[in-house]
Amino acid sequence: MSALAEAFRRHWPEYLMEAAGLAAFMISACFFAVLLEHPASPVHGVVANPAARRALGGLAMGLTAVAIIYSPWGRQSGAHLNPGVTLGFLRLGWIPRADAAFYAAFQVAGAIAGVLLAWAALGARLSHPATRFAVTMPGTAGPSAALAAEAAISFVLMTAVLHVSGSRYARWTGVVAGALVALYIAVEAPLSGMSMNPARSFASALVAGDWTALWIYFLAPPLGMLLAATVYARRRSGGCAKLVHAADKRCIFCEERARRPGTASPRRIVILGGGFGGIFTARRLQQLLAGKGDYEIVLVSKENYFVFQPMLPEVISGTIGLTDLVSPIRQLVPGAEIHVRDVESIDPERRTVTTAPGFLPHAHTLPYDHLVLALGTVTDFRGLRGLPEHALPFKNLQDALDLRNHVIRALEEAAIEEHDARLRKQLLTFVVAGGGFSGVEVVAELNDFVRRVARSYPQIDPAEIRVVLVHSQGRILPEVGEKLGLFAQRILRERGVELLLDARLSAASGEEAILGDGMRIGTRTLVSTVPSFPHPVIDAVKLPKARGGRIQVTPELEVPGFPGVWALGDCASIPTPDGGSSPPTAQHATRQAALVAENVVASIRGGRRRAFDFKGLGKMGSLGSRSAVAEIFGLQISGALAWFLWRTIYLMKLPGLGRRLKIAASWTFDLLLPPDSVLFRFSAPSSMLREHFEPGQEVFHQGDLGDRIYSIVAGAADVVHEASGRETILARLGPGDLFGEMALLDQTVRSATIRCAEPMDVWSLPKRELALLSQGMPEVRRSLERLRDQRTKKAS
Ligand SMILES: Cc1cc2nc3c(=O)[nH]c(=O)nc-3n(C[C@H](O)[C@H](O)[C@H](O)COP(=O)(O)OP(=O)(O)OC[C@H]3O[C@@H](n4cnc5c(N)ncnc54)[C@H](O)[C@@H]3O)c2cc1C
């Protein structure tokens with residue numbers, strides 16, 4: 001098949017979209033020509049000044065161009081809408097010749113169809129001498145001036161399109177193009193009639209039967225645009241022939257590049273973590289690599305949303321709606337490939353990342369060229385007696401929601417607890433451990449919420465409520481100066497928070513928080529914001545670590561000895577020029593993210609890599625109820641002004657205008673309305689699964705990851721082993737038989753396939769639960785080991 005036929009077969013929808021785009025543009029041009037220039041038009045009568053009418057016409061056509069460029073079809077075809085633009089992209093090698101030929105042909109056809117359709121609708125009004133099918137003609141300054149002006153405006157437009165689409169502002173390319181069209185019509189039209197487009201001028205000339213000076217519009221726009229492309233090619237390379245490179249639309253140009261013989265598939269930057277570090281790295285990388293198509297960005301996060309953690313404590317009181325605080329990652333980084341999976345392991349030698357199985361128990365391995373680690377830290381109570389079972393962590397959205405629900409439940413229970421005074425006291429005592437920023441913000445929000453919401457429980461006397469903050473040092477908020485720390489202590493005490501300083505939480509039971517000095521506080525609500533540990537995946541990966549288990553990186557944020565592996569945020573130890581290390585805060589993580597992205601691009605494209613040198617702008621912490629503390633550029637601020645600053649600054653930092661508006665509205669309503677005490681009851685997902693299989697269906701396949709153990713309740717299955725392409729049935733299993741234990745016990749992959757032979761019901765238990773069960777009941781493990789040994793013996 002010839003290249004032309006092959007291109008047409010695969011890309012005809014895009015050609016039609018281009019034709020439709022230019023048809024729409026010409027219909028709009030004809031309509032506005034009649035509206036503004038026809039003597040019988042009321043607008044023409046009202047707006048007598050020709051310059052004002054041109055300005056209106058410019059605005060209308062600029063908006064038309066923007067609407068077409070950002071329309072679904074415009075975003076798919078790339079919205080060249082002009083053979084000159086297509087020629088510019090051809091010069092840069094971003095569009096294959098066959099596609100360029102069809103784009104130009106369909107643009108011409110679309111333009112003609114547009115003028116004809118407009119004529120059918122507007123009739124004689126369009127053929128009137130004042131409108132003349134919106135033909136473009138040189139002005140009074142003559143053809144030479146028109147030629148020069150057309151070439152100049154075309155050069156500027158193409159230059160703007162190329163530079164903006166290749167920059168961090170790529171998504172504004174359409175707006176810039178539309179604004180230039182508007183400006184040109186308003187200002188330049190008296191010189192050349194403002195065409196910039198051979199297809200557009202040809203269509204009007206053809207239907208009008210007037211070929212005057214058409215050569216100018218055939219020559220000048222392509223020349224100006226070709227020149228712009230040539231100048232651009234001298235300084236930069238790579239890019240995509242689309243005005244707006246939409247992630248949700250197919251791109252025939254990127255597809256074509258990948259198909260070209262000898263062209264390797266795009267190289268891959270894998271980012272682990274969807275928090276401040278991960279999201280801001282991906283966003284900056286997208287800006288820097290903007291649609292060049294040679295690198296793809298893959299972001300792996302266990303949640304499909306980004307949480308703005310500084311505002312997390314406000315979820316406890318419900319001041320902020322749950323979904324207002326989170327943003328879908330797909331919206332934040334539309335061009336990246338998102339994997340909503342748990343990262344299981346990283347192999348820096350093989351340069352791969354393994355993620356947890358999804359619906360099917362297959363290992364998912366992601367090879368990478370560059371790896372960015374931003375997995376944050378975890379609150380880990382291991383080694384602290386009773387804390388893993390009874391303390392509530394406060395790190396992510398689920399923790400905040402759990403705490404809110406737990407507190408409301410405690411109030412509901414306390415309200416009807418009449419018989420057991422001890423239990424009632426425990427239910428109304430709330431303990432938070434950790435007097436750093438997170439702990440203080442949590443206790444302040446919790447205290448405000450409990451005391452406000454308790455007013456709707458007539459059975460609860462406010463004096464019964466006890467809120468306690470336990471902190472291991474002599475004063476809270478060690479992150480800020482003494483004055484602010486003492487201010488925070490005073491405010492919290494005035495609001496009824498009991499401060500236990502120089503006290504350390506050492507253990508817990510379901511009824512008590514136990515301190516290091518033996519003091520016991522009866523409570524059913526214990527929150528701990530400490531201790532924070534490196535993520536288990538970070539703990540396990542064989543990369544250089546600093547004290548505390550964080551990944552050691554160079555000042556450029558690369559892991560020494562592992563080129564192409566980068567780490568940032570809370571999981572990394574980042575040296576600062578003063579010999580210290582960068583603190584684990586969001587403001588540092590976002591700056592590190594921008595730097596990692598720039599350094600990754602510098603390693604790929606060549607360029608200077610920079611060292612991280614950000615000292616921080618300040619520190620802020622909310623104390624709830626219109627009070628806060630802030631240390632900004634060395635200035636210490638407290639009280640209402642600090643609170644106002646806190647809210648304003650964090651609101652501005654929140655990604656997305658929509659979210660900002662929602663939160664501003666929530667804050668406003670919160671000033672007027674009573675707090676919400678809705679108790680959500682989510683049923684915990686059962687880890688034990690019951691499943692049904694039909695004959696021929698596989699429960700798992702040989703080579704899959706061993707993630708669950710199964711038992712047959714009813715029906716039968718075959719154990720099938722495959723070797724050298726041949727299948728052997730090793731055994732038939734029936735009711736009461738267990739399977740899947742081998743891969744779990746030996747931490748290997750499945751050694752055989754289990755295929756349903758008769759309609760079968762099974763239950764299964766995940767690996768983690770099985771490990772817990774065998775820890776508590778060693779006999780379970782022993783009997784599974786016996787079963788495995790018997791089966792291995794039989795098989796051999
Ligand atoms: C309650 C609270 C309040 C805070 N307030 C402030 C503040 O006011 N100002 C400030 O500057 N800083 C504040 N911080 C600190 C700030 O949020 C952190 O420093 C920042 O989030 C660190 O960014 P990160 O990307 O390193 O980690 P995180 O933002 O924690 O991101 C880690 C990401 O990794 C993902 N992840 C974890 N495990 C896996 C896995 N196995 N597989 C896939 N994905 C995984 C998580 O889902 C998450 O998206 C606060 C922190 C908390 C907890």
# chains A, B, ... in the order shown; residues from 1 in each chain; ligands from 1
>>> closest_atom_pairs(of="chain A", to="ligand 1", cutoff="7 Å", atoms="only C-alpha atoms and all ligand atoms", output="CSV")
residue,atom,partner,partner_atom_place_in_ligand_line,distance
A:Leu272,CA,ligand 1,44 (N),6.1
A:Gly273,CA,ligand 1,34 (O),3.4
A:Gly274,CA,ligand 1,49 (O),3.4
A:Gly275,CA,ligand 1,31 (O),3.3
A:Phe276,CA,ligand 1,25 (O),4.0
A:Gly277,CA,ligand 1,25 (O),3.4
A:Gly278,CA,ligand 1,25 (O),5.5
A:Val300,CA,ligand 1,43 (C),5.6
A:Ser301,CA,ligand 1,44 (N),3.6
A:Lys302,CA,ligand 1,43 (C),4.0
A:Glu303,CA,ligand 1,47 (O),5.3
A:Phe306,CA,ligand 1,49 (O),6.2
A:Gln309,CA,ligand 1,17 (O),4.7
A:Pro310,CA,ligand 1,5 (N),3.4
A:Met311,CA,ligand 1,3 (C),6.7
A:Leu312,CA,ligand 1,1 (C),5.5
A:Pro313,CA,ligand 1,1 (C),6.0
A:Arg341,CA,ligand 1,43 (C),5.8
A:Asp342,CA,ligand 1,42 (N),3.4
A:Val343,CA,ligand 1,42 (N),3.7
A:Glu344,CA,ligand 1,41 (N),6.0
A:Ala374,CA,ligand 1,25 (O),4.9
A:Leu375,CA,ligand 1,34 (O),3.8
A:Gly376,CA,ligand 1,27 (O),3.5
A:Thr377,CA,ligand 1,30 (O),6.1
A:Phe394,CA,ligand 1,1 (C),6.1
A:Lys395,CA,ligand 1,53 (C),4.1
A:Asn396,CA,ligand 1,53 (C),6.5
A:Phe437,CA,ligand 1,5 (N),6.9
A:Ser438,CA,ligand 1,1 (C),4.8
A:His535,CA,ligand 1,38 (N),6.7
A:Val537,CA,ligand 1,41 (N),6.6
A:Leu568,CA,ligand 1,26 (O),6.2
A:Gly569,CA,ligand 1,26 (O),3.3
A:Asp570,CA,ligand 1,26 (O),3.9
A:Cys571,CA,ligand 1,26 (O),5.7
A:Pro584,CA,ligand 1,19 (O),4.3
A:Thr585,CA,ligand 1,19 (O),3.2
A:Ala586,CA,ligand 1,11 (O),3.6
A:Gln587,CA,ligand 1,11 (O),4.5
A:His588,CA,ligand 1,11 (O),6.8
A:Ala589,CA,ligand 1,23 (O),5.4
A:Met620,CA,ligand 1,8 (O),6.3
A:Gly621,CA,ligand 1,8 (O),6.1
>>> select_by_dssp(residues="segment 384-618 of chain A", states="strand (DSSP E)", output="PyMOL selection string")
chain A and resi 392-393+429-433+466-470+497-500+505-508+512-515+520-522+525-528+532-534+551-552+565-567+572-573+618
>>> atom_distance(atom1="atom CA of Ala546 of chain A", atom2="atom CA of Val596 of chain A")
19.1 Å
>>> residues_around(residues="Phe487 of chain A", least_positions_apart="5", cutoff="12 Å", atoms="only C-alpha atoms", output="PyMOL selection string")
chain A and resi 475-477+480-482+492-494+621+623+627-630+636-639+642
>>> atom_distance(atom1="atom CA of Gly740 of chain A", atom2="atom CA of Ser345 of chain A")
22.0 Å
>>> atom_distance(atom1="atom CA of Val108 of chain A", atom2="atom CA of Ala199 of chain A")
4.7 Å
>>> closest_residue(among="A:Arg171, A:Arg591, A:Arg91, A:Arg659", to="Leu617 of chain A", atoms="only C-alpha atoms")
A:Arg591
>>> closest_atom_pairs(of="segment 188-292 of chain A", to="segment 49-69 of chain A", cutoff="9 Å", atoms="only C-alpha atoms", output="tab-separated table")
residue	atom	partner	partner_atom	distance
A:Ala189	CA	A:Arg54	CA	7.9
A:Leu243	CA	A:Ile69	CA	7.4
A:Val244	CA	A:Ile69	CA	7.5
>>> write_last_selection(atoms="C-alpha atoms", output="PDB file, in the first residue's frame")
ATOM      1  CA  ALA A 189      -6.485  44.064   8.504  1.00  0.00           C
ATOM      2  CA  LEU A 243      -1.257  23.221  19.057  1.00  0.00           C
ATOM      3  CA  VAL A 244      -2.560  21.678  22.264  1.00  0.00           C
TER       4      VAL A 244
END
>>> closest_residue(among="A:Leu288, A:Ala130, A:Ala7, A:Val175", to="Ser41 of chain A", atoms="only C-alpha atoms")
A:Ala130
>>> residues_around(residues="segment 675-683 of chain A", least_positions_apart="4", cutoff="7 Å", atoms="only C-alpha atoms", output="number ranges by chain")
A: 318, 405, 408-409, 452-453
>>> closest_residue(among="A:Gly516, A:Gly656, A:Gly114, A:Pro478", to="Arg385 of chain A", atoms="only C-alpha atoms")
A:Gly516
>>> closest_atom_pairs(of="segment 744-794 of chain A", to="segment 712-715 of chain A", cutoff="8 Å", atoms="only C-alpha atoms", output="CSV")
residue,atom,partner,partner_atom,distance
A:Ala757,CA,A:Gly715,CA,7.7
A:Glu758,CA,A:Gly715,CA,5.3
A:Pro759,CA,A:Gly715,CA,5.3
A:Met760,CA,A:Gly715,CA,4.0
A:Asp761,CA,A:Ala714,CA,5.1
A:Val762,CA,A:Ile712,CA,4.4
A:Trp763,CA,A:Ile712,CA,6.7
>>> write_last_selection(atoms="N, CA and C atoms", output="PDB file, in the first residue's frame")
ATOM      1  N   ALA A 757     -12.608 -27.696  37.517  1.00  0.00           N
ATOM      2  CA  ALA A 757     -13.061 -28.866  36.757  1.00  0.00           C
ATOM      3  C   ALA A 757     -14.577 -29.023  36.853  1.00  0.00           C
ATOM      4  N   GLU A 758     -15.123 -28.708  38.014  1.00  0.00           N
ATOM      5  CA  GLU A 758     -16.585 -28.720  38.197  1.00  0.00           C
ATOM      6  C   GLU A 758     -16.950 -27.419  38.876  1.00  0.00           C
ATOM      7  N   PRO A 759     -18.177 -26.904  38.683  1.00  0.00           N
ATOM      8  CA  PRO A 759     -18.536 -25.629  39.325  1.00  0.00           C
ATOM      9  C   PRO A 759     -18.053 -25.623  40.774  1.00  0.00           C
ATOM     10  N   MET A 760     -17.328 -24.598  41.131  1.00  0.00           N
ATOM     11  CA  MET A 760     -16.582 -24.667  42.386  1.00  0.00           C
ATOM     12  C   MET A 760     -16.729 -23.375  43.212  1.00  0.00           C
ATOM     13  N   ASP A 761     -16.934 -23.569  44.530  1.00  0.00           N
ATOM     14  CA  ASP A 761     -16.910 -22.426  45.459  1.00  0.00           C
ATOM     15  C   ASP A 761     -15.655 -22.543  46.307  1.00  0.00           C
ATOM     16  N   VAL A 762     -14.951 -21.417  46.464  1.00  0.00           N
ATOM     17  CA  VAL A 762     -13.747 -21.448  47.307  1.00  0.00           C
ATOM     18  C   VAL A 762     -13.779 -20.267  48.263  1.00  0.00           C
ATOM     19  N   TRP A 763     -13.067 -20.365  49.333  1.00  0.00           N
ATOM     20  CA  TRP A 763     -12.752 -19.171  50.113  1.00  0.00           C
ATOM     21  C   TRP A 763     -11.249 -18.992  50.062  1.00  0.00           C
TER      22      TRP A 763
END
>>> residues_around(residues="Leu733 of chain A", least_positions_apart="3", cutoff="8 Å", atoms="only C-alpha atoms", output="list in words")
Ile712, Ala716, Ala717, Asp718, Val719 and Asp737 of chain A
